[in-house]
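Peer 1: This structure is in structure tokens; I'll ask about it shortly.
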Amino acid sequence: MKNNMNVSCFERIFFQSFMLAEQLFGKRIFVIINPFKISFLKRLEKKLSSFATPEASYVDIRSNLSPVEFHKEYVSKSRPVVFEAVARDWVCCQKWDLDYFQMSLGEEDLLLVNANGLTSRENNAHYEFLTVRELVDNIKAGGKKYLRFSPLLENNPLLVEDLNMDWLQEMRGKKTFANTYYMFIGGAGQKTLFHTDQPCNLSIQIYGKKKWTLYSSKDSLLMYPEITNTAYIKSPVDVDRPDSKNFPLFEHATANIAYLNPGDIMYVPPHVWHFVENQTDTIAVGYRFSSLKASLKSSVTMTLLRIFSTNPPIWKTMEYGKIDTNLIWAHAGGKIKELLNDLDDRTKRRNHNSKK
């Protein structure tokens with residue numbers, strides 16, 4: 001995976017020390033180190049201005065890649081790769097579309113939570129409950145509702161049978177843990193904003209088309225990362241419309257682009273920055289698992305930031321992840337108690353109605 005080779009290892013480590021200090025000591029240290037951080041970035045900006053901005057590259061596309069080759073060439077080197085059309089004949093790619101979910105799971109409850117810097121720029125944790133039928137109706141009408149990180153598959157095990165689990169587990173390999181399935185269903189033009197997170201991800205494009213724009217974790221100091229003690233790290237940069245005045249370093253980061261069609265699967269390594277846009281109405285599944293080795297290989301600093309996150313703490317993040325990852329965003333936004341109470345009330349009403 002390409003990154004800016006004009007940034008030295010020392011400069012990366014120096015900037016990472018700022019990130020760790022902010023995570024560990026918060027506002028107490030931010031006031032002290034921020035002038036030094038700004039000065040450092042200004043010097044880096046001056047240095048890089050004498051170099052040409054890098055051209056975007058494209059993520060490798062492979063049609064026949066064995067598990068051994070995959071781990072040797074990509075997992076061990078923190079490089080993304082697209083497995084072209086490998087899932088084309090899977091049951092999910094043959095029958096899943098918006099109408100299928102509306103007809104088969106129309107009354108299934110869903111939870112949507114706003115995550116600042118991930119689902120929108122709004123600094124709140126607004127949440128809503130809706131059914132699959134309501135979601136699909138909104139998408140078909142050109143609405144903006146977008147199901148992300150949903151446990152829809154976890155809650156409906158029959159859907160998992162439509163995936164080729166033998167292939168996924170073989171590619172996942174040994175010494176990994178905490179596998180989860182995240183469902184993504186959204187309309188054309190919807191985006192997931194610029195961020196990075198810790199798990200390995202095999203993203204299965206089932207219906208429709210997506211564009212992924214990825215950046216190496218080594219380019220993190222060019223992304224103006226916001227350290228907020230959460231389970232993910234976000235960037236204020238708008239990849240579609242970069243602001244060279246406020247974020248001049250970003251133009252020196254090397255974009256790695258991938259276009260996913262139905263049946264494609266992309267491996268996204270831990271801590272790789274990514275921005276995702278739906279080119280059409282889409283359905284995708286993120287099969288995620290954790291590998292300490294892969295995480296440390298990609299970035300020791302980012303791994304430590306995840307371990308030392310406090311909003312919520314890592315043990316709570318894992319607990320929420322077993323229920324619904326959207327609870328993490330609710331906790332980070334200060335709405336977790338309200339949301340859990342609403343969930344409890346909805347469960348009681350549903351149980352009461354089922355006994356009638």
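Labels for the structure tokens follow display order: chains A, B, ..., residues from 1 in each chain, ligands from 1.
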Using only C-alpha atoms, which residues of segment 163-183 of chain A come within 10 Å of segment 322-332 of chain A, and what is the closest atom pair for each, with the distance in Å to one decimal? Give it as a Markdown table, sorted by chain and residue number.
Peer 2:
| residue | atom | partner | partner_atom | distance |
| --- | --- | --- | --- | --- |
| A:Ala178 | CA | A:Lys322 | CA | 9.1 |
| A:Asn179 | CA | A:Lys322 | CA | 9.9 |
| A:Thr180 | CA | A:Lys322 | CA | 8.2 |
| A:Tyr182 | CA | A:Thr325 | CA | 8.6 |
Peer 1: DSSP on the backbone: which residues in segment 275-330 of chain A end up as alpha helix (DSSP H)? Give the answer as a PyMOL selection string.
Peer 2: chain A and resi 292-298+300-307+314-321+326-330
Peer 1: Put those residues in a file: C-alpha atoms, as a PDB file, in the first residue's frame.
Peer 2:
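That gives us again-v8.pdb:
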ATOM      1  CA  LEU A 292      -3.222  -8.587  17.504  1.00  0.00           C
ATOM      2  CA  LYS A 293      -0.326  -9.383  15.186  1.00  0.00           C
ATOM      3  CA  ALA A 294      -1.946  -7.694  12.183  1.00  0.00           C
ATOM      4  CA  SER A 295      -2.994  -4.720  14.299  1.00  0.00           C
ATOM      5  CA  LEU A 296       0.495  -4.154  15.685  1.00  0.00           C
ATOM      6  CA  LYS A 297       2.041  -4.679  12.264  1.00  0.00           C
ATOM      7  CA  SER A 298      -0.103  -1.915  10.823  1.00  0.00           C
ATOM      8  CA  VAL A 300       1.592   0.063  17.249  1.00  0.00           C
ATOM      9  CA  THR A 301       0.398   3.562  18.112  1.00  0.00           C
ATOM     10  CA  MET A 302      -3.114   3.065  16.727  1.00  0.00           C
ATOM     11  CA  THR A 303      -3.366  -0.246  18.579  1.00  0.00           C
ATOM     12  CA  LEU A 304      -2.415   1.442  21.846  1.00  0.00           C
ATOM     13  CA  LEU A 305      -4.933   4.223  21.203  1.00  0.00           C
ATOM     14  CA  ARG A 306      -7.648   1.558  20.882  1.00  0.00           C
ATOM     15  CA  ILE A 307      -6.531  -0.248  24.038  1.00  0.00           C
ATOM     16  CA  ILE A 314     -12.243  -1.256  25.530  1.00  0.00           C
ATOM     17  CA  TRP A 315     -14.027  -3.808  27.741  1.00  0.00           C
ATOM     18  CA  LYS A 316     -17.273  -1.892  27.295  1.00  0.00           C
ATOM     19  CA  THR A 317     -16.665  -1.604  23.554  1.00  0.00           C
ATOM     20  CA  MET A 318     -16.392  -5.400  23.356  1.00  0.00           C
ATOM     21  CA  GLU A 319     -19.556  -5.792  25.421  1.00  0.00           C
ATOM     22  CA  TYR A 320     -21.517  -3.435  23.164  1.00  0.00           C
ATOM     23  CA  GLY A 321     -20.104  -5.171  20.098  1.00  0.00           C
ATOM     24  CA  ASN A 326     -24.173   1.284  17.288  1.00  0.00           C
ATOM     25  CA  LEU A 327     -24.275   1.308  21.099  1.00  0.00           C
ATOM     26  CA  ILE A 328     -20.637   2.408  20.996  1.00  0.00           C
ATOM     27  CA  TRP A 329     -21.574   5.582  19.136  1.00  0.00           C
ATOM     28  CA  ALA A 330     -24.445   6.201  21.580  1.00  0.00           C
TER      29      ALA A 330
END
Peer 1: Please list as a PyMOL selection string every residue within 12 Å of Glu170 of chain A, counting only C-alpha atoms and excluding residues in the same chain fewer than 2 positions away.
Peer 2: chain A and resi 65-68+70-71+164-168+172-174+176+202
Peer 1: Limited to N, CA and C atoms, could you put the picked residues into a file as a short mmCIF file (atom, residue, chain, number, x, y, z; two decimals), in the first residue's frame?
Peer 2:
data_model
loop_
_atom_site.label_atom_id
_atom_site.label_comp_id
_atom_site.auth_asym_id
_atom_site.auth_seq_id
_atom_site.Cartn_x
_atom_site.Cartn_y
_atom_site.Cartn_z
N LEU A 65 -6.33 -16.21 -5.39
CA LEU A 65 -5.38 -15.93 -4.32
C LEU A 65 -5.60 -16.93 -3.20
N SER A 66 -4.60 -17.75 -2.92
CA SER A 66 -4.74 -18.76 -1.87
C SER A 66 -4.62 -18.12 -0.50
N PRO A 67 -5.10 -18.79 0.56
CA PRO A 67 -4.95 -18.24 1.91
C PRO A 67 -3.49 -17.97 2.27
N VAL A 68 -2.60 -18.86 1.86
CA VAL A 68 -1.17 -18.67 2.17
C VAL A 68 -0.65 -17.42 1.48
N PHE A 70 -2.42 -14.89 0.42
CA PHE A 70 -3.12 -13.74 0.99
C PHE A 70 -2.42 -13.26 2.25
N HIS A 71 -2.10 -14.16 3.15
CA HIS A 71 -1.46 -13.75 4.41
C HIS A 71 -0.03 -13.28 4.20
N ASN A 164 -20.46 -17.89 2.21
CA ASN A 164 -19.55 -19.04 2.16
C ASN A 164 -18.62 -18.95 3.35
N MET A 165 -19.06 -19.50 4.47
CA MET A 165 -18.29 -19.38 5.70
C MET A 165 -16.98 -20.16 5.64
N ASP A 166 -16.94 -21.24 4.87
CA ASP A 166 -15.69 -21.99 4.73
C ASP A 166 -14.60 -21.10 4.14
N TRP A 167 -14.97 -20.32 3.10
CA TRP A 167 -13.98 -19.44 2.48
C TRP A 167 -13.56 -18.34 3.44
N LEU A 168 -14.51 -17.73 4.12
CA LEU A 168 -14.20 -16.62 5.03
C LEU A 168 -13.29 -17.09 6.18
N ARG A 172 -9.53 -16.01 6.96
CA ARG A 172 -9.30 -15.38 8.27
C ARG A 172 -8.03 -15.92 8.92
N GLY A 173 -7.82 -17.21 8.84
CA GLY A 173 -6.63 -17.82 9.39
C GLY A 173 -6.70 -18.04 10.89
N LYS A 174 -5.57 -18.43 11.45
CA LYS A 174 -5.49 -18.78 12.86
C LYS A 174 -5.09 -17.56 13.70
N THR A 176 -6.80 -15.55 15.49
CA THR A 176 -7.68 -14.38 15.40
C THR A 176 -8.84 -14.60 16.35
N LEU A 202 -13.09 -8.14 5.99
CA LEU A 202 -13.36 -8.67 4.66
C LEU A 202 -14.72 -8.14 4.26
#
Peer 1: Given the choices A:Ile233, A:Leu130, A:Leu105, A:Ile13, which gets closest to Leu118 of chain A if the distance is worked out from only C-alpha atoms?
Peer 2: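 Using only C-alpha atoms, Leu118 of chain A sits closest to A:Ile233.
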Peer 1: What are the nearest atom pairs, with distances in Å to one decimal, for all residues of segment 86-157 of chain A that come at most 8 Å from segment 188-197 of chain A, using only C-alpha atoms, set out by chain and rising residue number as CSV?
Peer 2:
residue,atom,partner,partner_atom,distance
A:Gly117,CA,A:Leu193,CA,6.3
A:Leu118,CA,A:Leu193,CA,4.8
A:Thr119,CA,A:Thr192,CA,5.5
A:Ser120,CA,A:Leu193,CA,7.1
A:Gly142,CA,A:Ala188,CA,8.0
A:Lys144,CA,A:Gln190,CA,6.8
A:Tyr146,CA,A:Gln190,CA,7.3
Peer 1: Interatomic distance between atom CA of Ser291 of chain A and atom CA of Met171 of chain A?
Peer 2: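 Between these atoms lies a distance of 12.6 Å.
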Peer 1: Choose the residue, out of A:Lys42, A:Arg133, A:Lys211, A:Lys337, that has the smallest atom-to-atom separation from Asp240 of chain A; count only C-alpha atoms.
Peer 2: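 Of A:Lys42, A:Arg133, A:Lys211, A:Lys337, the one nearest Asp240 of chain A is A:Lys211, counting only C-alpha atoms.
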Peer 1: Applying 12 Å and only C-alpha atoms, which residues near Phe10 of chain A remain after dropping the ones on its own chain fewer than 4 positions away? List them as a list in words.
Peer 2: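 Once the adjacent positions are removed, what remains is Asn6, Phe14, Phe15, Gln16, Ser17, Leu44, Lys218 and Leu221 of chain A.
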Peer 1: Select from segment 158-286 of chain A everything DSSP, run on the backbone, classes as strand (DSSP E), then give the selection as a PyMOL selection string.
Peer 2: chain A and resi 177-186+191-196+200-207+210-215+233-234+256-260+265-268+273-278+282-286
Peer 1: I need the residue nearest Ala141 of chain A from this list: A:Glu55, A:Glu73, A:Glu338, A:Asp281. Use only C-alpha atoms for the distance.
Peer 2: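 Among A:Glu55, A:Glu73, A:Glu338, A:Asp281, it is A:Asp281 that comes nearest to Ala141 of chain A.
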Peer 1: Name all residues at most 12 Å from Leu222 of chain A (count only C-alpha atoms; drop same-chain ones fewer than 2 positions away) and give them as a PyMOL selection string.
Peer 2: chain A and resi 3-4+6-7+11-12+15-16+40-42+44-45+48+215-220+224-226+235-237+244+246-255+273
Peer 1: For those residues, write C-alpha atoms to a file as a PDB file, in the first residue's frame.
Peer 2:
ATOM      1  CA  ASN A   3       2.213   6.138   1.342  1.00  0.00           C
ATOM      2  CA  ASN A   4       4.230   9.354   1.218  1.00  0.00           C
ATOM      3  CA  ASN A   6       9.021  11.948   1.859  1.00  0.00           C
ATOM      4  CA  VAL A   7       7.848  11.761   5.468  1.00  0.00           C
ATOM      5  CA  GLU A  11       8.549  12.496  11.875  1.00  0.00           C
ATOM      6  CA  ARG A  12       5.909   9.781  12.048  1.00  0.00           C
ATOM      7  CA  PHE A  15       3.684  12.905  15.673  1.00  0.00           C
ATOM      8  CA  GLN A  16       2.473   9.606  17.130  1.00  0.00           C
ATOM      9  CA  PHE A  40       5.740  20.666  13.840  1.00  0.00           C
ATOM     10  CA  LEU A  41       2.952  20.429  11.240  1.00  0.00           C
ATOM     11  CA  LYS A  42       3.890  23.860   9.833  1.00  0.00           C
ATOM     12  CA  LEU A  44       6.317  19.513   7.727  1.00  0.00           C
ATOM     13  CA  GLU A  45       4.035  21.497   5.435  1.00  0.00           C
ATOM     14  CA  LEU A  48       6.545  18.765   1.653  1.00  0.00           C
ATOM     15  CA  TYR A 215      -4.804   5.661   2.927  1.00  0.00           C
ATOM     16  CA  SER A 216      -1.974   3.940   4.742  1.00  0.00           C
ATOM     17  CA  SER A 217      -1.745   4.231   8.518  1.00  0.00           C
ATOM     18  CA  LYS A 218       1.763   5.569   7.873  1.00  0.00           C
ATOM     19  CA  ASP A 219       0.160   8.693   6.435  1.00  0.00           C
ATOM     20  CA  SER A 220      -1.823   9.379   9.626  1.00  0.00           C
ATOM     21  CA  TYR A 224      -5.208  15.702  11.051  1.00  0.00           C
ATOM     22  CA  PRO A 225      -6.575  12.860  13.226  1.00  0.00           C
ATOM     23  CA  GLU A 226      -8.918  13.836  16.037  1.00  0.00           C
ATOM     24  CA  SER A 235     -10.457  12.939  10.496  1.00  0.00           C
ATOM     25  CA  PRO A 236     -12.094  16.311   9.733  1.00  0.00           C
ATOM     26  CA  VAL A 237     -10.848  16.110   6.134  1.00  0.00           C
ATOM     27  CA  SER A 244      -6.154  22.937   1.274  1.00  0.00           C
ATOM     28  CA  ASN A 246      -7.138  24.348   6.702  1.00  0.00           C
ATOM     29  CA  PHE A 247      -5.695  20.894   5.935  1.00  0.00           C
ATOM     30  CA  PRO A 248      -2.769  21.515   3.547  1.00  0.00           C
ATOM     31  CA  LEU A 249      -0.882  18.325   4.434  1.00  0.00           C
ATOM     32  CA  PHE A 250      -3.658  16.052   3.198  1.00  0.00           C
ATOM     33  CA  GLU A 251      -2.794  16.667  -0.461  1.00  0.00           C
ATOM     34  CA  HIS A 252       0.517  14.890   0.201  1.00  0.00           C
ATOM     35  CA  ALA A 253      -1.186  11.658   1.285  1.00  0.00           C
ATOM     36  CA  THR A 254      -1.389   8.861  -1.271  1.00  0.00           C
ATOM     37  CA  ALA A 255      -4.898   7.691  -2.086  1.00  0.00           C
ATOM     38  CA  TRP A 273      -7.867   5.116   6.760  1.00  0.00           C
TER      39      TRP A 273
END
Peer 1: Within 10 Å of Glu161 of chain A, counting only C-alpha atoms, which residues qualify if same-chain residues fewer than 4 places away don't, as a PyMOL selection string?
Peer 2: chain A and resi 90-92+153+156-157+165
Peer 1: Between A:Asn155, A:Asn124, A:Ser49, A:Ser78, which one has atoms that come closest to Val268 of chain A, using only C-alpha atoms?
Peer 2: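 The closest residue to Val268 of chain A is A:Ser78.
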Peer 1: As an exercise, work out the distance from atom CA of Ser150 of chain A to atom CA of Tyr181 of chain A in Å and give it to one decimal place.
Peer 2: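 Going from atom CA of Ser150 of chain A over to atom CA of Tyr181 of chain A, I get 8.0 Å.
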Peer 1: With only C-alpha atoms as the atoms that count, which of A:Leu98, A:Ile227, A:Ala85, A:Leu152 lies nearest to Gly26 of chain A?
Peer 2: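 Between A:Leu98, A:Ile227, A:Ala85, A:Leu152, the residue approaching Gly26 of chain A most closely is A:Ile227.
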Peer 1: For Leu112 of chain A, which residue among A:Tyr267, A:Tyr127, A:Phe30, A:Tyr207 is the nearest when counting only C-alpha atoms?
Peer 2: A:Tyr127
